[in-house]
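Student: Got a structure for you, questions after.
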Amino acid sequence: MRIGFIGAGKVGCSLGKYLKGSAGDWQIEGYFSRSSESAKEAAVFTDSRVIDQVELLAQMSDLIFITTPDGAIAEIWQELCDCGASLEDKLVVHCSGLLDSTVFADAEERGVTAASLHPFYAVSDRYHSYEMLPEALFTLEGSGERMEELQELLEASGLTIQRIDAASKMKYHAAASIGSNLIVGLTELAISLLVDCGFDREHARMALRPLMQGNLDAIMEKDTVDALTGPAERADVETVEAHLKTLVGDDREIYRLLTKKITALAKQKNPDRDYEQLEACLMKTNGMDC
């Protein structure tokens, strides 16, 4: 399978390097990029070449990966359609977590198998992240006659693939953001509360690390319901009320809404425990006077 990359950033470099060294039958033809220096660095890293024309890349490639920022994907697709090279029977794949394959307008009419492939992993480094790709799960969605072939090729290369529908892509992206970026916000809230108690930030992080890591390990090992502990799980209304009275503004509302979420899990874990008073407390929009 001959592959060409449009875009020579972190994702393009990482995916090219991984596929080249994997068990799959991949031939990395090269990289096209608006930045000739980025294309050159990616080509050296993957032992491929710089391709200076979109038309030439399309002619050379059976599979075209578009690994540009999201805002450029539709424009690049239009360039491919207008470049003069035949796209019939080719695979065209972008790596956006947000956009689905319908960004490739009229792909089916052109005989193109259009897809999106996204790693459920933060690719943060051009030259080292490829080593972690076998540990990540990749979501794949798209349409066209060669979708099954594409999935089989990726799985044969050691990647774990989860198929999703195009209509689910936005919800999928929200899940990724909650599981990644929003945890940073929750951690900052916990750190700031500890700082208010007299901790410096270093000791606050030190205190939180085993607590957070232990919870994450438990979730991964046992799932969320069995991993749940704390005052909501115990239906400890007095403690939850005391927390709510301590917090103010947005911090209180974050605590209230997330405690509502985990109370639903607590009811699954302890079906014989009475959570009625706790739920009534959490229904109050200001979270006070439970």
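Letters for chains follow the order of the structure tokens (A, B, ...), residue numbers begin at 1 for each chain, and ligand numbers begin at 1 in the order shown.
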Please report as JSON lines every residue of range 122-237 of chain A lying within 8 Å of range 21-43 of chain A, along with the nearest atom pair and their distance in Å (one decimal), using only C-alpha atoms.
Tutor:
```
{"residue": "A:Leu153", "atom": "CA", "partner": "A:Gly24", "partner_atom": "CA", "distance": 6.6}
{"residue": "A:Leu154", "atom": "CA", "partner": "A:Gly24", "partner_atom": "CA", "distance": 7.6}
{"residue": "A:Ala156", "atom": "CA", "partner": "A:Gly24", "partner_atom": "CA", "distance": 5.8}
{"residue": "A:Ser157", "atom": "CA", "partner": "A:Gly24", "partner_atom": "CA", "distance": 4.6}
{"residue": "A:Gly158", "atom": "CA", "partner": "A:Ser22", "partner_atom": "CA", "distance": 7.3}
```
Student: Keeping only N, CA, C and O atoms, write those residues as a PDB file, in the first residue's frame.
Tutor:
```pdb
ATOM      1  N   LEU A 153      -6.052  -3.660   7.200  1.00  0.00           N
ATOM      2  CA  LEU A 153      -4.658  -3.250   7.056  1.00  0.00           C
ATOM      3  C   LEU A 153      -4.144  -2.582   8.326  1.00  0.00           C
ATOM      4  O   LEU A 153      -3.016  -2.853   8.773  1.00  0.00           O
ATOM      5  N   LEU A 154      -4.959  -1.716   8.910  1.00  0.00           N
ATOM      6  CA  LEU A 154      -4.549  -1.018  10.127  1.00  0.00           C
ATOM      7  C   LEU A 154      -4.404  -1.992  11.285  1.00  0.00           C
ATOM      8  O   LEU A 154      -3.448  -1.906  12.070  1.00  0.00           O
ATOM      9  N   ALA A 156      -3.774  -5.181  11.047  1.00  0.00           N
ATOM     10  CA  ALA A 156      -2.611  -6.034  10.772  1.00  0.00           C
ATOM     11  C   ALA A 156      -1.305  -5.338  11.147  1.00  0.00           C
ATOM     12  O   ALA A 156      -0.287  -5.998  11.394  1.00  0.00           O
ATOM     13  N   SER A 157      -1.340  -4.015  11.223  1.00  0.00           N
ATOM     14  CA  SER A 157      -0.163  -3.238  11.606  1.00  0.00           C
ATOM     15  C   SER A 157      -0.045  -3.068  13.118  1.00  0.00           C
ATOM     16  O   SER A 157       0.864  -2.385  13.590  1.00  0.00           O
ATOM     17  N   GLY A 158      -0.969  -3.655  13.867  1.00  0.00           N
ATOM     18  CA  GLY A 158      -0.889  -3.613  15.319  1.00  0.00           C
ATOM     19  C   GLY A 158      -1.714  -2.527  15.972  1.00  0.00           C
ATOM     20  O   GLY A 158      -1.610  -2.323  17.188  1.00  0.00           O
TER      21      GLY A 158
END
```
Student: Would you give me, as CSV, each residue of range 84-114 of chain A having an atom within 12 Å of an atom of range 46-61 of chain A, along with its shortest atom pair and that distance in Å to one decimal, using only C-alpha atoms and sorting by chain and residue number?
Tutor:
```
residue,atom,partner,partner_atom,distance
A:Gly84,CA,A:Glu55,CA,6.5
A:Ala85,CA,A:Glu55,CA,5.6
A:Ser86,CA,A:Gln59,CA,7.3
A:Leu87,CA,A:Ala58,CA,7.2
A:Glu88,CA,A:Ala58,CA,10.5
A:Asp89,CA,A:Ser61,CA,10.9
A:Lys90,CA,A:Ser61,CA,7.9
A:Leu91,CA,A:Ser61,CA,8.9
A:Val92,CA,A:Ala58,CA,9.7
```
Student: With only C-alpha atoms as the basis for distance, which of A:Ile161, A:Ile262, A:Ala115, A:Val93 is at the shortest distance from Gly144 in chain A?
Tutor: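 The answer is A:Ala115, which sits nearest to Gly144 in chain A.
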Student: Leaving out Ala232 in chain A and any residue of its chain fewer than 4 positions from it, which residues lie within 10 Å of it when counting only C-alpha atoms, given as a PyMOL selection string?
Tutor: chain A and resi 228+236-237+239-240+259-267+275+278-279
Student: Which distance in Å separates CA of Ile191 in chain A and CA of Glu253 in chain A, to one decimal?
Tutor: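 For CA of Ile191 in chain A relative to CA of Glu253 in chain A, the distance reads 17.2 Å.
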Student: Could you please determine the separation between CA of Ser180 in chain A and CA of Ile76 in chain A in Å, to one decimal place?
Tutor: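 Those two atoms sit 28.6 Å apart.
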Student: For CA of Glu145 in chain A and CA of Trp77 in chain A, quote the distance in Å rounded to one decimal.
Tutor: 19.0 Å
Student: Considering only helix (DSSP H, G or I) as DSSP defines it on the backbone, what residues of range 7-123 of chain A qualify? List them as a PyMOL selection string.
Tutor: chain A and resi 10-21+36-45+54-60+70-82+101-103+108-110
Student: I need the residue nearest Leu80 in chain A from this list: A:Ile64, A:Cys95, A:Pro271, A:Tyr255. Use only C-alpha atoms for the distance.
Tutor: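 Looking only at the distances to Leu80 in chain A, the closest residue turns out to be A:Ile64.
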